[in-house]
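So this one's run05.cif, mmCIF, C-alpha atoms:
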```
data_target
loop_
_atom_site.group_PDB
_atom_site.id
_atom_site.type_symbol
_atom_site.label_atom_id
_atom_site.label_comp_id
_atom_site.auth_asym_id
_atom_site.auth_seq_id
_atom_site.Cartn_x
_atom_site.Cartn_y
_atom_site.Cartn_z
ATOM 1 C CA GLY A 24 22.566 17.408 1.047
ATOM 2 C CA CYS A 25 20.282 14.472 0.294
ATOM 3 C CA LEU A 26 17.143 15.930 1.878
ATOM 4 C CA PRO A 27 16.259 18.675 -0.654
ATOM 5 C CA TRP A 28 13.609 17.731 -3.195
ATOM 6 C CA GLY A 29 15.968 18.281 -6.121
ATOM 7 C CA ALA A 30 18.264 15.546 -4.840
ATOM 8 C CA ARG A 31 15.450 13.113 -4.027
ATOM 9 C CA LYS A 32 13.004 13.297 -6.931
ATOM 10 C CA GLU A 33 14.934 11.126 -9.407
ATOM 11 C CA PRO A 34 15.870 8.450 -6.832
ATOM 12 C CA LEU A 35 12.239 8.371 -5.647
ATOM 13 C CA LEU A 36 11.042 7.836 -9.194
ATOM 14 C CA GLU A 37 13.637 5.116 -9.676
ATOM 15 C CA GLU A 38 12.525 3.387 -6.480
ATOM 16 C CA ILE A 39 8.838 3.568 -7.451
ATOM 17 C CA THR A 40 9.408 2.035 -10.892
ATOM 18 C CA ARG A 41 12.036 -0.502 -9.818
ATOM 19 C CA HIS A 42 10.728 -4.028 -10.504
ATOM 20 C CA THR A 43 7.995 -2.465 -12.726
ATOM 21 C CA PRO A 44 5.011 -2.905 -10.375
ATOM 22 C CA ASP A 45 1.516 -3.146 -11.857
ATOM 23 C CA ILE A 46 -0.016 -1.026 -9.080
ATOM 24 C CA VAL A 47 1.653 1.625 -6.911
ATOM 25 C CA CYS A 48 0.320 3.404 -3.813
ATOM 26 C CA LEU A 49 1.993 6.539 -2.450
ATOM 27 C CA GLN A 50 1.381 8.373 0.818
ATOM 28 C CA GLU A 51 2.660 11.817 1.836
ATOM 29 C CA CYS A 52 2.755 12.441 -1.898
ATOM 30 C CA ASP A 53 3.231 16.040 -2.939
ATOM 31 C CA LYS A 54 4.473 17.351 -6.312
ATOM 32 C CA TYR A 55 1.818 15.078 -7.819
ATOM 33 C CA GLU A 56 0.818 17.303 -10.738
ATOM 34 C CA GLU A 57 4.299 18.740 -11.277
ATOM 35 C CA TRP A 58 6.373 15.555 -11.042
ATOM 36 C CA PHE A 59 4.881 12.177 -10.272
ATOM 37 C CA LEU A 60 1.907 12.233 -12.655
ATOM 38 C CA PRO A 61 3.740 13.343 -15.823
ATOM 39 C CA GLU A 62 6.790 11.181 -15.102
ATOM 40 C CA LEU A 63 4.778 8.051 -14.368
ATOM 41 C CA GLU A 64 2.359 8.682 -17.238
ATOM 42 C CA SER A 65 5.346 8.729 -19.585
ATOM 43 C CA ARG A 66 6.270 5.292 -18.214
ATOM 44 C CA GLY A 67 2.864 3.741 -18.905
ATOM 45 C CA TYR A 68 0.979 4.475 -15.686
ATOM 46 C CA SER A 69 -2.245 6.375 -14.996
ATOM 47 C CA GLY A 70 -3.045 7.796 -11.571
ATOM 48 C CA LYS A 71 -5.596 9.124 -9.103
ATOM 49 C CA PHE A 72 -4.769 11.513 -6.272
ATOM 50 C CA ALA A 73 -6.554 12.710 -3.130
ATOM 51 C CA LYS A 74 -5.075 15.815 -1.511
ATOM 52 C CA LYS A 75 -5.398 16.515 2.187
ATOM 53 C CA LYS A 76 -7.267 19.614 3.305
ATOM 54 C CA ASP A 77 -5.416 22.932 3.083
ATOM 55 C CA PRO A 78 -2.880 24.011 4.156
ATOM 56 C CA ALA A 79 -1.417 20.527 3.606
ATOM 57 C CA ARG A 80 0.189 19.987 0.190
ATOM 58 C CA ASP A 81 0.441 16.208 0.232
ATOM 59 C CA GLY A 82 -2.032 13.367 -0.112
ATOM 60 C CA CYS A 83 -2.460 9.770 -1.256
ATOM 61 C CA ALA A 84 -2.027 8.526 -4.828
ATOM 62 C CA VAL A 85 -2.692 5.308 -6.732
ATOM 63 C CA PHE A 86 -0.962 4.547 -10.036
ATOM 64 C CA TYR A 87 -1.664 1.548 -12.254
ATOM 65 C CA ASN A 88 -0.195 0.083 -15.434
ATOM 66 C CA ARG A 89 -2.720 1.150 -18.070
ATOM 67 C CA GLN A 90 -1.660 -1.668 -20.393
ATOM 68 C CA LYS A 91 -2.824 -4.169 -17.770
ATOM 69 C CA PHE A 92 -5.710 -2.404 -16.001
ATOM 70 C CA ARG A 93 -8.512 0.010 -16.834
ATOM 71 C CA LEU A 94 -10.068 2.221 -14.163
ATOM 72 C CA ARG A 95 -13.724 1.328 -13.594
ATOM 73 C CA SER A 96 -14.450 3.612 -10.642
ATOM 74 C CA HIS A 97 -12.802 5.611 -7.896
ATOM 75 C CA GLN A 98 -13.759 7.594 -4.825
ATOM 76 C CA GLN A 99 -11.816 9.820 -2.454
ATOM 77 C CA PHE A 100 -12.837 11.211 0.902
ATOM 78 C CA ASN A 101 -11.741 12.558 4.264
ATOM 79 C CA LEU A 102 -11.613 9.839 6.898
ATOM 80 C CA ARG A 103 -13.646 11.903 9.335
ATOM 81 C CA GLU A 104 -15.398 15.229 8.790
ATOM 82 C CA THR A 105 -12.881 17.180 10.851
ATOM 83 C CA ASP A 106 -9.784 15.244 9.716
ATOM 84 C CA THR A 107 -7.211 16.262 7.141
ATOM 85 C CA GLN A 108 -6.378 12.591 6.454
ATOM 86 C CA VAL A 109 -7.799 11.127 3.242
ATOM 87 C CA GLY A 110 -8.571 7.763 1.672
ATOM 88 C CA VAL A 111 -8.776 6.588 -1.933
ATOM 89 C CA ILE A 112 -10.641 3.544 -3.263
ATOM 90 C CA VAL A 113 -10.243 2.415 -6.878
ATOM 91 C CA LEU A 114 -11.673 -0.470 -8.883
ATOM 92 C CA LEU A 115 -9.214 -1.656 -11.519
ATOM 93 C CA GLU A 116 -10.365 -4.120 -14.163
ATOM 94 C CA LEU A 117 -7.852 -6.467 -15.723
ATOM 95 C CA ILE A 118 -7.414 -6.008 -19.470
ATOM 96 C CA ILE A 119 -7.401 -9.599 -20.757
ATOM 97 C CA LYS A 120 -5.734 -10.181 -24.108
ATOM 98 C CA GLU A 121 -7.434 -12.539 -26.568
ATOM 99 C CA GLN A 122 -5.135 -15.542 -26.052
ATOM 100 C CA ALA A 123 -5.066 -15.028 -22.292
ATOM 101 C CA SER A 124 -8.858 -14.861 -22.336
ATOM 102 C CA GLU A 125 -9.058 -18.251 -24.065
ATOM 103 C CA ASP A 126 -6.651 -19.750 -21.539
ATOM 104 C CA CYS A 127 -8.695 -18.296 -18.692
ATOM 105 C CA GLU A 128 -11.944 -19.675 -20.112
ATOM 106 C CA SER A 129 -10.559 -23.222 -20.199
ATOM 107 C CA ARG A 130 -9.406 -22.960 -16.590
ATOM 108 C CA ASP A 131 -12.537 -21.100 -15.519
ATOM 109 C CA SER A 132 -14.786 -23.997 -16.569
ATOM 110 C CA LYS A 133 -13.276 -25.964 -13.680
ATOM 111 C CA VAL A 134 -13.416 -22.969 -11.383
ATOM 112 C CA LEU A 135 -17.094 -22.370 -12.112
ATOM 113 C CA GLU A 136 -17.870 -26.014 -11.331
ATOM 114 C CA LEU A 137 -16.744 -25.189 -7.806
ATOM 115 C CA GLY A 138 -19.141 -22.243 -7.656
ATOM 116 C CA LEU A 139 -16.360 -19.671 -7.728
ATOM 117 C CA ALA A 140 -16.286 -16.642 -10.034
ATOM 118 C CA PRO A 141 -12.731 -16.029 -11.244
ATOM 119 C CA PRO A 142 -11.661 -12.506 -10.209
ATOM 120 C CA THR A 143 -10.995 -10.084 -13.050
ATOM 121 C CA SER A 144 -10.463 -6.903 -11.025
ATOM 122 C CA VAL A 145 -8.758 -5.382 -8.001
ATOM 123 C CA LEU A 146 -10.662 -3.295 -5.458
ATOM 124 C CA LEU A 147 -7.990 -1.283 -3.694
ATOM 125 C CA ALA A 148 -7.894 1.243 -0.859
ATOM 126 C CA THR A 149 -4.961 3.364 0.279
ATOM 127 C CA THR A 150 -4.673 5.853 3.128
ATOM 128 C CA HIS A 151 -2.378 7.650 5.559
ATOM 129 C CA LEU A 152 -3.730 7.685 9.119
ATOM 130 C CA LYS A 153 -3.135 10.221 11.889
ATOM 131 C CA ALA A 154 0.444 10.238 13.123
ATOM 132 C CA THR A 155 0.171 10.944 16.882
ATOM 133 C CA LYS A 156 1.959 8.121 18.707
ATOM 134 C CA SER A 157 -0.224 7.776 21.805
ATOM 135 C CA GLN A 158 -3.287 5.843 22.953
ATOM 136 C CA GLU A 159 -5.444 8.830 22.029
ATOM 137 C CA GLY A 160 -3.846 8.871 18.580
ATOM 138 C CA GLU A 161 -4.452 5.136 18.213
ATOM 139 C CA LEU A 162 -8.126 5.602 19.106
ATOM 140 C CA THR A 163 -8.379 8.236 16.377
ATOM 141 C CA ARG A 164 -6.700 5.894 13.906
ATOM 142 C CA GLN A 165 -9.107 3.141 14.927
ATOM 143 C CA GLU A 166 -12.068 5.390 14.070
ATOM 144 C CA GLN A 167 -10.459 6.401 10.780
ATOM 145 C CA MET A 168 -9.791 2.795 9.802
ATOM 146 C CA ALA A 169 -13.309 1.714 10.783
ATOM 147 C CA PHE A 170 -14.682 4.358 8.408
ATOM 148 C CA LEU A 171 -12.355 3.279 5.598
ATOM 149 C CA LEU A 172 -13.161 -0.419 6.059
ATOM 150 C CA GLN A 173 -16.864 0.384 6.015
ATOM 151 C CA LYS A 174 -16.439 2.218 2.707
ATOM 152 C CA LEU A 175 -14.310 -0.598 1.301
ATOM 153 C CA GLU A 176 -16.801 -3.280 2.373
ATOM 154 C CA LEU A 177 -19.692 -1.356 0.801
ATOM 155 C CA ALA A 178 -17.693 -0.933 -2.420
ATOM 156 C CA SER A 179 -16.996 -4.674 -2.411
ATOM 157 C CA THR A 180 -20.663 -5.530 -1.865
ATOM 158 C CA GLU A 181 -21.757 -3.242 -4.688
ATOM 159 C CA CYS A 182 -18.912 -4.152 -7.061
ATOM 160 C CA PRO A 183 -20.256 -5.428 -10.411
ATOM 161 C CA LEU A 184 -17.109 -7.454 -11.153
ATOM 162 C CA PRO A 185 -15.586 -10.511 -9.473
ATOM 163 C CA HIS A 186 -12.654 -9.028 -7.580
ATOM 164 C CA VAL A 187 -9.937 -9.286 -4.985
ATOM 165 C CA VAL A 188 -9.605 -6.717 -2.194
ATOM 166 C CA MET A 189 -6.392 -4.972 -1.160
ATOM 167 C CA LEU A 190 -5.537 -2.284 1.391
ATOM 168 C CA ALA A 191 -2.199 -0.509 1.603
ATOM 169 C CA GLY A 192 -0.775 2.541 3.272
ATOM 170 C CA ASP A 193 1.021 4.296 6.075
ATOM 171 C CA LEU A 194 -1.250 3.472 9.001
ATOM 172 C CA ASN A 195 1.001 5.005 11.690
ATOM 173 C CA ALA A 196 -0.082 2.001 13.770
ATOM 174 C CA SER A 197 2.197 -0.690 15.154
ATOM 175 C CA PRO A 198 1.157 -4.341 14.909
ATOM 176 C CA ILE A 199 1.953 -4.887 18.590
ATOM 177 C CA GLY A 200 1.542 -2.161 21.182
ATOM 178 C CA SER A 201 4.445 -1.410 23.499
ATOM 179 C CA LYS A 202 3.714 1.980 25.053
ATOM 180 C CA TYR A 203 -0.023 1.754 24.271
ATOM 181 C CA LYS A 204 -2.501 -0.851 23.076
ATOM 182 C CA SER A 205 -2.525 -1.652 19.363
ATOM 183 C CA LEU A 206 -6.063 -1.319 17.940
ATOM 184 C CA VAL A 207 -5.872 -0.720 14.190
ATOM 185 C CA TYR A 208 -3.880 -3.790 13.132
ATOM 186 C CA PRO A 209 -6.053 -6.353 14.974
ATOM 187 C CA ASP A 210 -9.215 -4.608 13.735
ATOM 188 C CA ILE A 211 -8.102 -5.134 10.136
ATOM 189 C CA GLU A 212 -7.152 -8.766 10.769
ATOM 190 C CA LYS A 213 -10.537 -9.663 12.269
ATOM 191 C CA HIS A 214 -12.636 -7.698 9.766
ATOM 192 C CA SER A 215 -15.079 -9.644 7.571
ATOM 193 C CA LEU A 216 -13.140 -8.626 4.409
ATOM 194 C CA GLY A 217 -10.637 -11.347 5.319
ATOM 195 C CA LEU A 218 -7.421 -9.334 4.915
ATOM 196 C CA ARG A 219 -3.893 -10.341 5.907
ATOM 197 C CA SER A 220 -0.621 -8.428 5.830
ATOM 198 C CA VAL A 221 1.784 -9.893 3.287
ATOM 199 C CA TYR A 222 4.762 -9.008 5.501
ATOM 200 C CA SER A 223 3.331 -10.976 8.432
ATOM 201 C CA LEU A 224 3.989 -14.223 6.572
ATOM 202 C CA LEU A 225 6.928 -16.220 7.872
ATOM 203 C CA GLN A 226 9.683 -17.529 5.612
ATOM 204 C CA ASN A 227 7.983 -20.935 5.425
ATOM 205 C CA GLY A 228 4.781 -19.310 4.179
ATOM 206 C CA SER A 229 2.803 -19.801 7.380
ATOM 207 C CA GLU A 230 0.984 -16.893 9.009
ATOM 208 C CA GLY A 231 3.025 -15.151 11.665
ATOM 209 C CA GLY A 232 0.433 -12.513 12.517
ATOM 210 C CA ALA A 233 1.591 -9.341 14.214
ATOM 211 C CA LYS A 234 4.748 -11.059 15.465
ATOM 212 C CA GLY A 235 5.762 -11.880 11.907
ATOM 213 C CA GLU A 236 5.955 -8.234 10.797
ATOM 214 C CA PRO A 237 9.391 -6.699 10.076
ATOM 215 C CA GLU A 238 11.291 -4.847 12.779
ATOM 216 C CA PHE A 239 10.691 -1.530 11.029
ATOM 217 C CA THR A 240 9.308 -0.007 7.839
ATOM 218 C CA THR A 241 10.463 3.526 8.638
ATOM 219 C CA PHE A 242 13.843 4.518 10.109
ATOM 220 C CA LYS A 243 14.876 8.120 10.669
ATOM 221 C CA ILE A 244 17.084 10.106 12.984
ATOM 222 C CA ARG A 245 15.515 12.806 15.140
ATOM 223 C CA GLY A 246 18.042 15.486 16.032
ATOM 224 C CA ASP A 247 21.721 14.745 16.701
ATOM 225 C CA SER A 248 21.142 11.423 18.456
ATOM 226 C CA TRP A 249 24.176 9.691 16.963
ATOM 227 C CA ASN A 250 26.446 12.355 18.472
ATOM 228 C CA GLY A 251 25.011 12.396 21.964
ATOM 229 C CA GLY A 252 22.366 15.018 21.255
ATOM 230 C CA SER A 253 18.774 15.125 22.467
ATOM 231 C CA GLY A 254 17.270 13.486 19.384
ATOM 232 C CA GLY A 255 16.577 9.817 18.894
ATOM 233 C CA VAL A 256 15.985 7.044 16.419
ATOM 234 C CA ALA A 257 12.410 6.915 15.130
ATOM 235 C CA LYS A 258 12.095 3.286 14.064
ATOM 236 C CA HIS A 259 8.616 1.837 13.603
ATOM 237 C CA THR A 260 6.601 -0.762 11.708
ATOM 238 C CA ILE A 261 3.639 1.249 10.403
ATOM 239 C CA ASP A 262 3.383 0.515 6.648
ATOM 240 C CA TYR A 263 1.459 -2.444 5.242
ATOM 241 C CA ILE A 264 0.055 -4.254 2.238
ATOM 242 C CA PHE A 265 -3.079 -6.225 3.167
ATOM 243 C CA TYR A 266 -4.630 -8.669 0.694
ATOM 244 C CA SER A 267 -7.595 -11.060 0.361
ATOM 245 C CA LYS A 268 -6.205 -14.163 2.018
ATOM 246 C CA GLU A 269 -8.918 -16.423 0.559
ATOM 247 C CA MET A 270 -8.331 -15.213 -3.010
ATOM 248 C CA LEU A 271 -4.664 -14.263 -3.369
ATOM 249 C CA VAL A 272 -1.418 -16.138 -2.834
ATOM 250 C CA PRO A 273 1.753 -14.055 -2.349
ATOM 251 C CA THR A 274 4.560 -15.482 -4.462
ATOM 252 C CA ARG A 275 7.367 -12.986 -3.758
ATOM 253 C CA ARG A 276 7.986 -9.881 -1.694
ATOM 254 C CA LEU A 277 10.645 -7.203 -1.401
ATOM 255 C CA GLU A 278 12.525 -7.487 1.887
ATOM 256 C CA ILE A 279 13.203 -4.545 4.208
ATOM 257 C CA PRO A 280 16.922 -3.655 4.573
ATOM 258 C CA SER A 281 18.611 -4.388 7.877
ATOM 259 C CA GLU A 282 19.663 -1.671 10.309
ATOM 260 C CA GLU A 283 23.272 -2.242 9.258
ATOM 261 C CA GLU A 284 22.331 -1.756 5.603
ATOM 262 C CA VAL A 285 20.466 1.461 6.415
ATOM 263 C CA GLY A 286 23.538 2.902 8.163
ATOM 264 C CA LYS A 287 24.010 5.331 11.017
ATOM 265 C CA ASP A 288 22.475 8.298 9.218
ATOM 266 C CA GLY A 289 19.057 6.692 8.812
ATOM 267 C CA THR A 290 16.780 7.913 6.042
ATOM 268 C CA PRO A 291 16.124 9.701 3.773
ATOM 269 C CA SER A 292 19.579 9.413 2.282
ATOM 270 C CA PHE A 293 21.234 9.072 -1.099
ATOM 271 C CA LYS A 294 20.805 5.311 -0.717
ATOM 272 C CA TYR A 295 17.160 5.409 0.422
ATOM 273 C CA PRO A 296 15.371 8.544 -0.838
ATOM 274 C CA SER A 297 12.321 8.159 1.444
ATOM 275 C CA ASP A 298 12.113 7.818 5.214
ATOM 276 C CA HIS A 299 9.731 4.878 4.597
ATOM 277 C CA PHE A 300 10.947 1.751 2.838
ATOM 278 C CA ALA A 301 9.157 0.498 -0.248
ATOM 279 C CA LEU A 302 6.961 -2.543 0.327
ATOM 280 C CA MET A 303 6.307 -4.750 -2.671
ATOM 281 C CA ALA A 304 4.728 -8.126 -3.288
ATOM 282 C CA GLU A 305 3.680 -10.302 -6.204
ATOM 283 C CA PHE A 306 0.451 -12.295 -6.076
ATOM 284 C CA GLU A 307 -1.425 -15.016 -7.920
ATOM 285 C CA VAL A 308 -5.103 -15.814 -7.597
ATOM 286 C CA ARG A 309 -5.948 -19.039 -5.773
ATOM 287 C CA VAL A 310 -8.825 -20.190 -7.983
ATOM 288 C CA ASN A 311 -6.974 -19.719 -11.274
ATOM 289 C CA ASN A 312 -3.824 -17.954 -12.369
ATOM 290 C CA CYS A 313 -5.400 -15.554 -14.875
ATOM 291 C CA LEU A 314 -4.867 -12.601 -12.547
ATOM 292 C CA LYS A 315 -1.268 -12.024 -11.538
ATOM 293 C CA LEU A 316 -0.187 -8.690 -10.155
ATOM 294 C CA SER A 317 2.757 -6.927 -8.570
ATOM 295 C CA PHE A 318 1.999 -4.274 -5.993
ATOM 296 C CA LYS A 319 4.193 -1.580 -4.435
ATOM 297 C CA ASN A 320 3.565 0.799 -1.543
ATOM 298 C CA LEU A 321 5.823 3.728 -0.634
#
```
Write the structure described by the file as structure tokens, please.
Amino acid sequence: GCLPWGARKEPLLEEITRHTPDIVCLQECDKYEEWFLPELESRGYSGKFAKKKDPARDGCAVFYNRQKFRLRSHQQFNLRETDTQVGVIVLLELIIKEQASEDCESRDSKVLELGLAPPTSVLLATTHLKATKSQEGELTRQEQMAFLLQKLELASTECPLPHVVMLAGDLNASPIGSKYKSLVYPDIEKHSLGLRSVYSLLQNGSEGGAKGEPEFTTFKIRGDSWNGGSGGVAKHTIDYIFYSKEMLVPTRRLEIPSEEEVGKDGTPSFKYPSDHFALMAEFEVRVNNCLKLSFKNL
């Protein structure tokens, strides 16, 4: 079958490295030491990993292209003292080549006249929030996200480098509540960090907000639902890439496949090795174009 690890590990690796992203975030990542770290290191990436509390085997990981970025700092933590869920924050400094540095300096002279410091680093957080799909679960996720945003804001305030801020992960939180009120998504949107979801942007580039998000980012079959059984289709929008809207301009993004493209068997499958679809976007900096990056979340 397509579910066993042996059948999924190569396709997962292929999906992660497809389009050669500069930065990759993974949630529900196990086999980190045995598989992902050595395989991605051999392809030019370095990584950091935060494991959930025992007995869980998975956690959250960040990988970055070590030819483009150097790690300046990182921290990892549980989202609340009693929680198994974890968060990771990394500060990645852009490695500027000599010619690129000269080009940046000529553009930066105009930028500095405007009182803006050109960003040379990425301050990034990734996490995987509590999964319970209920109002109580959403309240827990709200507390977890508030803690993470507080840590991220403090890291931004204390950051010694001009930087952009990004947040990515499996938040297990819908942008618009149907059975219960959505709390996490609007809290991120109104936070002082000024973050926006890249997938909320409409085709014309305008902000669509929660209503602009894709129909789903995860699509799996519970039980024998396609044959009249008691299972059902678990189809949700819960994965996101948030970015500094004042500093970054998305230039391209990877689109989510349609329900017809996914097929009746859902995921994971031979076609899509994860039950969450890869999100990916490319960005340029507003104040100059010295920092360009491609970012993937899976």
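The coordinates place CA of Ala233 (chain A) at 6.3 Å from CA of Ile199 (chain A).
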Handout entry: Local residues around (-4.3, 11.1, -12.4), at most 9 Å away, using all atoms listed in the file, as a list in words
Key = Tyr55, Glu56, Leu60, Glu64, Ser69, Gly70, Lys71, Phe72, Ala84, Val85 and Phe86 of chain A
Problem - Best match for closeness to Val145 (chain A) among A:Asn101, A:Ser96, A:Ser201, A:Ser292, counting only C-alpha atoms - result: A:Ser96
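Each of A:Glu116, A:Glu212, A:Glu236, A:Asp106 was compared to Gln167 (chain A) using only C-alpha atoms, and A:Asp106 turns out to be the nearest.
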Practice task
Could you give me, as a PyMOL selection string, the residues within 9 Å of Met189 (chain A), counting all atoms listed in the file and dropping anything in the same chain fewer than 3 positions from it?
Solution key: chain A and resi 145-149+218+264-267
Evaluated on this file, the PyMOL selection byres ((chain A and resi 268) around 10) picks out some residues - which ones are they, written as a PDB file with C-alpha atoms, in the coordinates of the input?
```pdb
ATOM      1  CA  VAL A 187      -9.937  -9.286  -4.985  1.00  0.00           C
ATOM      2  CA  VAL A 188      -9.605  -6.717  -2.194  1.00  0.00           C
ATOM      3  CA  MET A 189      -6.392  -4.972  -1.160  1.00  0.00           C
ATOM      4  CA  LEU A 216     -13.140  -8.626   4.409  1.00  0.00           C
ATOM      5  CA  GLY A 217     -10.637 -11.347   5.319  1.00  0.00           C
ATOM      6  CA  LEU A 218      -7.421  -9.334   4.915  1.00  0.00           C
ATOM      7  CA  ARG A 219      -3.893 -10.341   5.907  1.00  0.00           C
ATOM      8  CA  SER A 220      -0.621  -8.428   5.830  1.00  0.00           C
ATOM      9  CA  VAL A 221       1.784  -9.893   3.287  1.00  0.00           C
ATOM     10  CA  PHE A 265      -3.079  -6.225   3.167  1.00  0.00           C
ATOM     11  CA  TYR A 266      -4.630  -8.669   0.694  1.00  0.00           C
ATOM     12  CA  SER A 267      -7.595 -11.060   0.361  1.00  0.00           C
ATOM     13  CA  GLU A 269      -8.918 -16.423   0.559  1.00  0.00           C
ATOM     14  CA  MET A 270      -8.331 -15.213  -3.010  1.00  0.00           C
ATOM     15  CA  LEU A 271      -4.664 -14.263  -3.369  1.00  0.00           C
ATOM     16  CA  VAL A 272      -1.418 -16.138  -2.834  1.00  0.00           C
ATOM     17  CA  PRO A 273       1.753 -14.055  -2.349  1.00  0.00           C
ATOM     18  CA  VAL A 308      -5.103 -15.814  -7.597  1.00  0.00           C
ATOM     19  CA  ARG A 309      -5.948 -19.039  -5.773  1.00  0.00           C
TER      20      ARG A 309
END
```
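Using all atoms listed in the file for every distance, the candidate list A:Ile279, A:Leu172, A:Ile118, A:Leu35 yields A:Leu172 as the residue closest to Leu102 (chain A).
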Practice task
Using the chain letters and numbering of this document, enumerate as a ChimeraX atom specification the residues selected by the PyMOL selection byres ((chain A and resi 315-317) around 10).
Solution key: /A:42-47,91,117,145,271-276,303-308,311-314,318-319
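For the choices A:Glu230, A:Asp193, A:Glu283, A:Asp210, the atom-to-atom distance to Tyr263 (chain A) is smallest for A:Asp193 when using only C-alpha atoms.
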Practice task
State, in Å with one decimal place, the distance from CA of Pro198 (chain A) to CA of His151 (chain A).
Solution key: 15.6 Å
